[in-house]
Number of protein chains: 2
Amino acid sequence: MAENIRKVGFIGLGIMGLPMARNLMKAGFELTVYNRTRSRTDALAAEGAKVASSPKAAAAEAGAVVCIVTDTPDVEAVLLGQEGVIHSARPGTVVIDMSTISPKATRRMAEALRARGIGMLDAPVSGGDIGAQKGTLTIMVGGEASDFDRARPLFEAMGKTITHMGPSGSGQSTKLCNQVLVAIHLMAVSESLLLARESGLDPSLAIQVLTGGAANSWSLQNLGPRIAAGDHAPGFMVKLLLKDLKLIREAAAEGELPIPFTALAEQMFISAAKLGCGDLGTQSVIRAFEQLADCRIAG
Amino acid sequence: MAENIRKVGFIGLGIMGLPMARNLMKAGFELTVYNRTRSRTDALAAEGAKVASSPKAAAAEAGAVVCIVTDTPDVEAVLLGQEGVIHSARPGTVVIDMSTISPKATRRMAEALRARGIGMLDAPVSGGDIGAQKGTLTIMVGGEASDFDRARPLFEAMGKTITHMGPSGSGQSTKLCNQVLVAIHLMAVSESLLLARESGLDPSLAIQVLTGGAANSWSLQNLGPRIAAGDHAPGFMVKLLLKDLKLIREAAAEGELPIPFTALAEQMFISAAKLGCGDLGTQSVIRAFEQLADCRIAG
């Protein structure tokens with residue numbers, strides 16, 4: 001048993017990871033941080049974090065290791081690679097992967113770690129950079145209940161709604177279900193606003209009315225006005241949603257589950273990326289619809 | 001100018017019309033009601049409404065005529081048919097069509113009425129039978145501003161959110177934009193819950209978590225739990241949404257607007273109807289997805 005869960009290795013100081021690490025420090029956790037681009041560690045070092053030169057070094061003294069990087073291969077490298085966490089973490093350590101990656105690969109990694117007596121939780125988040133900064137993330141957790149209980153103080157420092165969804169991979173599966181809704185809801189908003197425009201309605205007035213009832217969604221309420229205003233700043237980038245849509249497609253294919261709407265949504269986001277929207281917010285997918293319809297909704 | 005807008009002809013006492021007529025009576029309007037199936041008028045007659053034997057008779061003494069029937073041809077018959085409102089309504093009367101029908105046909109009927117000095121508002125609603133009973137409907141209104149102002153006391157007796165969307169047809173167009181969202185959101189909920197099930201998640205727990213953030217929608221919150229419980233009772237019937245989807249398809253085709261997601265959603269609801277779900281709630285479209293995936297989510 002690792003002696004002290006208050007010693008935390010933290011790997012990945014991106015837009016999400018940096019504020020999450022900071023919230024852990026504010027809650028009294030002692031952090032040893034690692035980031036591929038070393039300069040991203042400077043701010044936290046100035047605030048008292050130790051800086052490690054590899055994931056392995058970040059995990060050496062830790063009772064818990066948090067990792068939040070981009071994609072499945074990144075997590076594999078960080079946990080199981082040559083300089084990976086697995087080579088230094090002591091039995092009883094809990095590894096918490098907060099990236100959004102493959103549920104299947106997650107289960108495989110959890111097994112590899114378990115063989116060394118290391119626990120692993122998959123704990124992807126939703127709520128964006130604002131949620132990460134405010135510590136109000138939704139955290140969807142898969143893994144052993146005992147590991148979940150031990151990690152709870154860390155989750156409570158970073159998020160608000162924290163749910164144990166089931167065994168290893170369940171957190172990732174829940175996040176993929178979340179992204180199915182996010183992607184298709186945005187298709188609904190896009191087609192509805194184009195029909196509104198085509199019908200000569202004021203899109204902003206339409207959004208105001210439509211959010212009042214059975215047509216409402218987070219997407220309509222939050223991204224609808226940005227579409228109407230031609231504001232395509234991220235938010236959540238098209239290229240990252242495309243990564244998640246690939247994960248959803250792979251997970252569905254494993255179960256031979258047809259997902260016609262998610263698949264068609266993926267095509268629209270591919271089209272948006274092709275139109276130069278990869279680094280823009282997901283609402284910029286309206287450009288793919290505008291291209292289809294040969295029209296412009298705003299701007 | 002019709003002398004008294006407090007005398008109201010009311011045509012169509014269905015699931016929506018009956019409670020709406022009752023709310024008008026409660027607010028002090030004097031109603032003359034007509035319904036194709038005469039027995040539906042009995043309850044209101046007992047509460048003091050006059051009963052007319054035709055739309056024409058219902059409109060003869062009225063300052064305003066409300067009509068809420070099923071489809072475009074029904075409204076055409078009620079307003080312009082042989083026994084229609086147009087043959088008795090006096091100049092200055094306001095006709096308020098609260099059915100969900102074609103925006104294009106609406107504009108044509110408004111013109112025919114205007115040629116006789118009769119105003120017409122299209123004012124479809126959302127909020128369902130519960131909203132009709134409680135007088136909390138969302139009412140989306142198209143037509144002349146002066147007619148809208150005159151009709152406002154009637155709207156306020158029946159609804160809560162009352163918005164003048166623009167010229168004739170704008171109310172119907174807004175309602176169609178509403179139904180685009182309603183239909184596609186339900187596709188998102190269906191695919192997400194099937195993926196949840198396929199991934200071994202508890203659908204109810206998933207819904208609880210997913211409603212907390214960016215994946216939320218009215219459909220997920222209200223219809224998700226019914227899908228998870230295998231409860232397919234209406235709510236809003238598949239066959240009525242199919243009627244609206246046809247209207248959307250026609251309106252989009254007029255503007256040569258491609259609507260791939262709405263079109264694919266229509267196919268799923270056609271499949272649901274084929275599976276015997278026409279008179280069930282729209283959430284029963286999950287059966288079409290289950291058929292595709294050869295599985296059952298509940299029940």
# chains A, B, ... in the order shown; residues from 1 in each chain; ligands from 1

$ residues_around --residues "Arg40 of chain A" --least-positions-apart "6" --cutoff "10 Å" --atoms "only C-alpha atoms" --output "JSON, numbers by chain"
{"A": [12, 13, 14, 18, 33, 34]}

$ residues_around --residues "Arg152 of chain A" --least-positions-apart "5" --cutoff "9 Å" --atoms "only C-alpha atoms" --output "MDAnalysis selection string"
chainID A and resid 147 157 162

$ write_last_selection --atoms "all heavy atoms" --output "compact mmCIF listing (two decimals), in the first residue's frame"
# COMPACT_ATOMS: atom_id res chain seq x y z
N ASP A 147 -10.80 1.38 -5.20
CA ASP A 147 -9.95 2.42 -5.77
C ASP A 147 -10.72 3.74 -5.88
O ASP A 147 -10.18 4.82 -5.61
CB ASP A 147 -9.44 2.00 -7.17
CG ASP A 147 -8.41 0.89 -7.09
OD1 ASP A 147 -7.68 0.82 -6.07
OD2 ASP A 147 -8.34 0.08 -8.03
N ALA A 157 -11.76 17.50 -5.35
CA ALA A 157 -11.01 18.74 -5.53
C ALA A 157 -11.12 19.26 -6.97
O ALA A 157 -10.86 20.43 -7.24
CB ALA A 157 -9.54 18.52 -5.17
N ILE A 162 -19.63 13.46 -9.39
CA ILE A 162 -18.64 12.38 -9.45
C ILE A 162 -19.40 11.07 -9.32
O ILE A 162 -20.05 10.83 -8.29
CB ILE A 162 -17.63 12.54 -8.31
CG1 ILE A 162 -16.89 13.88 -8.47
CG2 ILE A 162 -16.66 11.36 -8.27
CD1 ILE A 162 -16.55 14.55 -7.16

$ select_by_dssp --residues "segment 92-231 of chain B" --states "alpha helix (DSSP H)" --output "PyMOL selection string"
chain B and resi 103-114+128-134+145-158+170-198+203-210+218-222+224-229

$ residues_around --residues "Pro73 of chain A" --least-positions-apart "2" --cutoff "12 Å" --atoms "only C-alpha atoms" --output "PyMOL selection string"
chain A and resi 69-71+75-81+99-102+105-106+109

$ closest_residue --among "B:Ala89, B:Met158, B:Val182, B:Leu292" --to "Ala132 of chain B" --atoms "only C-alpha atoms"
B:Met158

$ residues_around --residues "Met120 of chain B" --least-positions-apart "2" --cutoff "12 Å" --atoms "only C-alpha atoms" --output "ChimeraX atom specification"
/B:64-67,79,85-86,89,91-98,106-118,122-123,141-148,150-151,167-169,171

$ write_last_selection --atoms "N, CA and C atoms" --output "compact mmCIF listing (two decimals), in the first residue's frame"
# COMPACT_ATOMS: atom_id res chain seq x y z
N ALA B 64 -63.44 36.63 -32.92
CA ALA B 64 -62.23 35.83 -33.16
C ALA B 64 -62.64 34.38 -33.34
N VAL B 65 -61.95 33.69 -34.22
CA VAL B 65 -62.21 32.26 -34.44
C VAL B 65 -60.90 31.51 -34.22
N VAL B 66 -60.92 30.56 -33.26
CA VAL B 66 -59.74 29.72 -33.04
C VAL B 66 -59.99 28.37 -33.69
N CYS B 67 -58.98 27.85 -34.37
CA CYS B 67 -59.11 26.53 -34.96
C CYS B 67 -57.88 25.71 -34.62
N LEU B 79 -61.70 26.42 -42.81
CA LEU B 79 -61.69 27.86 -43.10
C LEU B 79 -62.33 28.19 -44.44
N VAL B 85 -65.49 28.90 -42.38
CA VAL B 85 -65.51 30.16 -41.65
C VAL B 85 -65.64 31.36 -42.59
N ILE B 86 -65.00 31.26 -43.75
CA ILE B 86 -64.94 32.40 -44.68
C ILE B 86 -66.34 32.84 -45.12
N ALA B 89 -67.78 34.76 -41.51
CA ALA B 89 -67.02 35.70 -40.68
C ALA B 89 -67.12 37.11 -41.23
N PRO B 91 -65.97 41.10 -41.78
CA PRO B 91 -64.70 41.84 -41.89
C PRO B 91 -64.27 42.30 -40.49
N GLY B 92 -62.99 42.17 -40.20
CA GLY B 92 -62.46 42.56 -38.90
C GLY B 92 -62.30 41.39 -37.95
N THR B 93 -62.93 40.27 -38.31
CA THR B 93 -62.72 39.07 -37.49
C THR B 93 -61.26 38.63 -37.60
N VAL B 94 -60.72 38.05 -36.50
CA VAL B 94 -59.39 37.47 -36.56
C VAL B 94 -59.51 35.96 -36.46
N VAL B 95 -59.00 35.27 -37.46
CA VAL B 95 -58.96 33.81 -37.43
C VAL B 95 -57.58 33.39 -36.93
N ILE B 96 -57.58 32.52 -35.91
CA ILE B 96 -56.32 32.09 -35.29
C ILE B 96 -56.20 30.58 -35.47
N ASP B 97 -55.31 30.17 -36.37
CA ASP B 97 -55.12 28.73 -36.59
C ASP B 97 -53.98 28.23 -35.71
N MET B 98 -54.32 27.37 -34.75
CA MET B 98 -53.33 26.87 -33.80
C MET B 98 -52.90 25.43 -34.12
N THR B 106 -50.61 28.06 -45.31
CA THR B 106 -51.06 29.09 -44.37
C THR B 106 -51.10 30.46 -45.06
N ARG B 107 -50.01 30.78 -45.76
CA ARG B 107 -49.95 32.09 -46.44
C ARG B 107 -51.05 32.22 -47.49
N ARG B 108 -51.34 31.10 -48.18
CA ARG B 108 -52.39 31.11 -49.20
C ARG B 108 -53.76 31.36 -48.56
N MET B 109 -54.00 30.67 -47.44
CA MET B 109 -55.30 30.86 -46.76
C MET B 109 -55.43 32.26 -46.19
N ALA B 110 -54.33 32.77 -45.64
CA ALA B 110 -54.36 34.12 -45.07
C ALA B 110 -54.72 35.14 -46.15
N GLU B 111 -54.20 34.92 -47.36
CA GLU B 111 -54.53 35.82 -48.47
C GLU B 111 -56.00 35.75 -48.84
N ALA B 112 -56.54 34.55 -48.92
CA ALA B 112 -57.96 34.37 -49.27
C ALA B 112 -58.84 35.06 -48.23
N LEU B 113 -58.47 34.94 -46.96
CA LEU B 113 -59.27 35.57 -45.91
C LEU B 113 -59.12 37.09 -45.96
N ARG B 114 -57.88 37.53 -46.20
CA ARG B 114 -57.62 38.97 -46.21
C ARG B 114 -58.44 39.65 -47.31
N ALA B 115 -58.68 38.95 -48.42
CA ALA B 115 -59.47 39.49 -49.53
C ALA B 115 -60.91 39.79 -49.08
N ARG B 116 -61.35 39.14 -47.99
CA ARG B 116 -62.68 39.40 -47.43
C ARG B 116 -62.61 40.30 -46.19
N GLY B 117 -61.42 40.83 -45.91
CA GLY B 117 -61.27 41.71 -44.74
C GLY B 117 -61.11 40.96 -43.44
N ILE B 118 -60.81 39.65 -43.55
CA ILE B 118 -60.65 38.83 -42.35
C ILE B 118 -59.16 38.62 -42.09
N ASP B 122 -51.29 32.53 -37.86
CA ASP B 122 -50.91 31.14 -37.60
C ASP B 122 -50.24 31.13 -36.24
N ALA B 123 -50.69 30.23 -35.37
CA ALA B 123 -50.24 30.28 -33.98
C ALA B 123 -50.10 28.87 -33.41
N VAL B 141 -46.32 32.81 -33.18
CA VAL B 141 -47.35 33.46 -33.98
C VAL B 141 -46.80 34.14 -35.23
N GLY B 142 -47.46 33.89 -36.35
CA GLY B 142 -47.17 34.61 -37.58
C GLY B 142 -48.39 35.39 -38.03
N GLY B 143 -48.16 36.55 -38.68
CA GLY B 143 -49.28 37.37 -39.17
C GLY B 143 -49.05 38.84 -38.90
N GLU B 144 -50.07 39.63 -39.17
CA GLU B 144 -49.99 41.07 -38.98
C GLU B 144 -49.87 41.43 -37.50
N ALA B 145 -49.03 42.41 -37.19
CA ALA B 145 -48.84 42.84 -35.80
C ALA B 145 -50.15 43.32 -35.17
N SER B 146 -50.99 43.97 -35.97
CA SER B 146 -52.24 44.50 -35.41
C SER B 146 -53.18 43.35 -35.01
N ASP B 147 -53.21 42.30 -35.83
CA ASP B 147 -54.01 41.13 -35.48
C ASP B 147 -53.45 40.46 -34.23
N PHE B 148 -52.11 40.38 -34.17
CA PHE B 148 -51.46 39.78 -33.01
C PHE B 148 -51.85 40.53 -31.73
N ARG B 150 -54.50 42.32 -31.15
CA ARG B 150 -55.92 42.10 -30.82
C ARG B 150 -56.12 40.72 -30.21
N ALA B 151 -55.36 39.73 -30.69
CA ALA B 151 -55.56 38.36 -30.24
C ALA B 151 -54.85 38.06 -28.93
N PRO B 167 -44.22 37.72 -40.28
CA PRO B 167 -45.42 37.71 -41.13
C PRO B 167 -46.07 36.33 -41.22
N SER B 168 -47.18 36.27 -41.91
CA SER B 168 -47.95 35.04 -42.07
C SER B 168 -47.06 33.86 -42.43
N GLY B 169 -47.24 32.74 -41.72
CA GLY B 169 -46.45 31.54 -41.95
C GLY B 169 -45.29 31.39 -40.97
N GLY B 171 -45.16 31.60 -37.75
CA GLY B 171 -45.47 30.75 -36.60
C GLY B 171 -45.28 29.28 -36.97

$ residues_around --residues "Glu83 of chain A" --least-positions-apart "6" --cutoff "8 Å" --atoms "only C-alpha atoms" --output "list in words"
Ser54, Pro55, Lys56 and Ala77 of chain A

$ closest_residue --among "B:Gly128, B:Gly281, B:Gly255, B:Gly276" --to "Lys104 of chain B" --atoms "only C-alpha atoms"
B:Gly255

$ atom_distance --atom1 "atom CA of Ile286 of chain A" --atom2 "atom CA of Gly235 of chain A"
14.7 Å

$ residues_around --residues "Ser88 of chain A" --least-positions-apart "5" --cutoff "8 Å" --atoms "only C-alpha atoms" --output "PDB file with N, CA, C and O atoms, in the first residue's frame"
ATOM      1  N   LYS A  56       7.543   8.191 -15.303  1.00  0.00           N
ATOM      2  CA  LYS A  56       8.108   7.280 -14.319  1.00  0.00           C
ATOM      3  C   LYS A  56       8.568   8.035 -13.064  1.00  0.00           C
ATOM      4  O   LYS A  56       8.253   7.647 -11.931  1.00  0.00           O
ATOM      5  N   ALA A  57       9.278   9.131 -13.274  1.00  0.00           N
ATOM      6  CA  ALA A  57       9.767   9.927 -12.146  1.00  0.00           C
ATOM      7  C   ALA A  57       8.613  10.575 -11.382  1.00  0.00           C
ATOM      8  O   ALA A  57       8.642  10.679 -10.149  1.00  0.00           O
ATOM      9  N   ALA A  59       5.742   9.382 -10.880  1.00  0.00           N
ATOM     10  CA  ALA A  59       4.981   8.372 -10.135  1.00  0.00           C
ATOM     11  C   ALA A  59       5.759   7.764  -8.975  1.00  0.00           C
ATOM     12  O   ALA A  59       5.175   7.108  -8.103  1.00  0.00           O
ATOM     13  N   ALA A  60       7.068   7.997  -8.943  1.00  0.00           N
ATOM     14  CA  ALA A  60       7.941   7.236  -8.030  1.00  0.00           C
ATOM     15  C   ALA A  60       7.549   7.363  -6.558  1.00  0.00           C
ATOM     16  O   ALA A  60       7.595   6.386  -5.811  1.00  0.00           O
TER      17      ALA A  60
END

$ select_by_dssp --residues "segment 26-251 of chain A" --states "strand (DSSP E or B)" --output "PyMOL selection string"
chain A and resi 30-34+50-51+64-67+94-97+119-122+125-126+137-142+159-166+217+237

$ atom_distance --atom1 "atom CA of Asp231 of chain B" --atom2 "atom CA of Pro260 of chain A"
23.8 Å

$ residues_around --residues "segment 185-193 of chain B" --least-positions-apart "5" --cutoff "6 Å" --atoms "only C-alpha atoms" --output "PyMOL selection string"
(chain A and resi 177+180-181+184-185) or (chain B and resi 220+286)

$ closest_residue --among "A:Met16, A:Leu154, A:Val51, A:Ala253" --to "chain B" --atoms "only C-alpha atoms"
A:Ala253

$ closest_residue --among "B:Val8, B:Leu205, B:Leu247, B:Ala46" --to "chain A" --atoms "only C-alpha atoms"
B:Leu205

$ decode --residues "segment 162-189 of chain A" --atoms "N, CA and C atoms" --output "short mmCIF file (atom, residue, chain, number, x, y, z; two decimals), in the first residue's frame"
data_model
loop_
_atom_site.label_atom_id
_atom_site.label_comp_id
_atom_site.auth_asym_id
_atom_site.auth_seq_id
_atom_site.Cartn_x
_atom_site.Cartn_y
_atom_site.Cartn_z
N ILE A 162 -19.63 13.46 -9.39
CA ILE A 162 -18.64 12.38 -9.45
C ILE A 162 -19.40 11.07 -9.32
N THR A 163 -19.36 10.24 -10.36
CA THR A 163 -20.18 9.03 -10.35
C THR A 163 -19.36 7.80 -10.71
N HIS A 164 -19.48 6.77 -9.88
CA HIS A 164 -18.86 5.49 -10.19
C HIS A 164 -19.81 4.71 -11.09
N MET A 165 -19.41 4.54 -12.35
CA MET A 165 -20.31 3.96 -13.36
C MET A 165 -20.27 2.45 -13.42
N GLY A 166 -19.20 1.84 -12.90
CA GLY A 166 -19.06 0.38 -12.98
C GLY A 166 -17.60 -0.01 -13.14
N PRO A 167 -17.35 -1.21 -13.66
CA PRO A 167 -15.99 -1.72 -13.76
C PRO A 167 -15.13 -0.96 -14.76
N SER A 168 -13.87 -1.32 -14.84
CA SER A 168 -12.90 -0.67 -15.72
C SER A 168 -13.47 -0.46 -17.13
N GLY A 169 -13.33 0.72 -17.66
CA GLY A 169 -13.83 1.07 -18.99
C GLY A 169 -15.18 1.79 -18.94
N SER A 170 -15.90 1.65 -17.82
CA SER A 170 -17.26 2.22 -17.75
C SER A 170 -17.26 3.74 -17.79
N GLY A 171 -16.22 4.34 -17.23
CA GLY A 171 -16.11 5.81 -17.28
C GLY A 171 -15.95 6.26 -18.73
N GLN A 172 -15.05 5.58 -19.45
CA GLN A 172 -14.84 5.92 -20.86
C GLN A 172 -16.11 5.68 -21.68
N SER A 173 -16.79 4.56 -21.41
CA SER A 173 -18.02 4.28 -22.17
C SER A 173 -19.06 5.37 -21.94
N THR A 174 -19.17 5.82 -20.70
CA THR A 174 -20.13 6.89 -20.38
C THR A 174 -19.77 8.17 -21.13
N LYS A 175 -18.48 8.47 -21.16
CA LYS A 175 -18.04 9.68 -21.88
C LYS A 175 -18.38 9.57 -23.37
N LEU A 176 -18.23 8.38 -23.93
CA LEU A 176 -18.57 8.21 -25.35
C LEU A 176 -20.07 8.40 -25.58
N CYS A 177 -20.89 7.90 -24.66
CA CYS A 177 -22.35 8.14 -24.75
C CYS A 177 -22.64 9.63 -24.68
N ASN A 178 -21.88 10.33 -23.84
CA ASN A 178 -22.00 11.79 -23.72
C ASN A 178 -21.70 12.45 -25.08
N GLN A 179 -20.64 11.99 -25.73
CA GLN A 179 -20.23 12.62 -26.99
C GLN A 179 -21.18 12.29 -28.14
N VAL A 180 -21.84 11.12 -28.09
CA VAL A 180 -22.89 10.82 -29.07
C VAL A 180 -23.96 11.91 -29.01
N LEU A 181 -24.38 12.22 -27.79
CA LEU A 181 -25.41 13.26 -27.62
C LEU A 181 -24.90 14.62 -28.07
N VAL A 182 -23.69 14.96 -27.65
CA VAL A 182 -23.10 16.25 -28.00
C VAL A 182 -23.04 16.41 -29.53
N ALA A 183 -22.58 15.36 -30.22
CA ALA A 183 -22.40 15.46 -31.68
C ALA A 183 -23.75 15.55 -32.39
N ILE A 184 -24.71 14.70 -32.02
CA ILE A 184 -25.98 14.68 -32.76
C ILE A 184 -26.86 15.88 -32.39
N HIS A 185 -26.82 16.29 -31.14
CA HIS A 185 -27.58 17.49 -30.77
C HIS A 185 -27.17 18.68 -31.64
N LEU A 186 -25.88 18.74 -31.94
CA LEU A 186 -25.39 19.85 -32.75
C LEU A 186 -25.88 19.75 -34.20
N MET A 187 -26.12 18.53 -34.67
CA MET A 187 -26.72 18.34 -36.00
C MET A 187 -28.14 18.90 -35.99
N ALA A 188 -28.87 18.63 -34.91
CA ALA A 188 -30.25 19.12 -34.77
C ALA A 188 -30.27 20.65 -34.78
N VAL A 189 -29.37 21.24 -34.02
CA VAL A 189 -29.30 22.71 -33.94
C VAL A 189 -28.97 23.28 -35.32
#
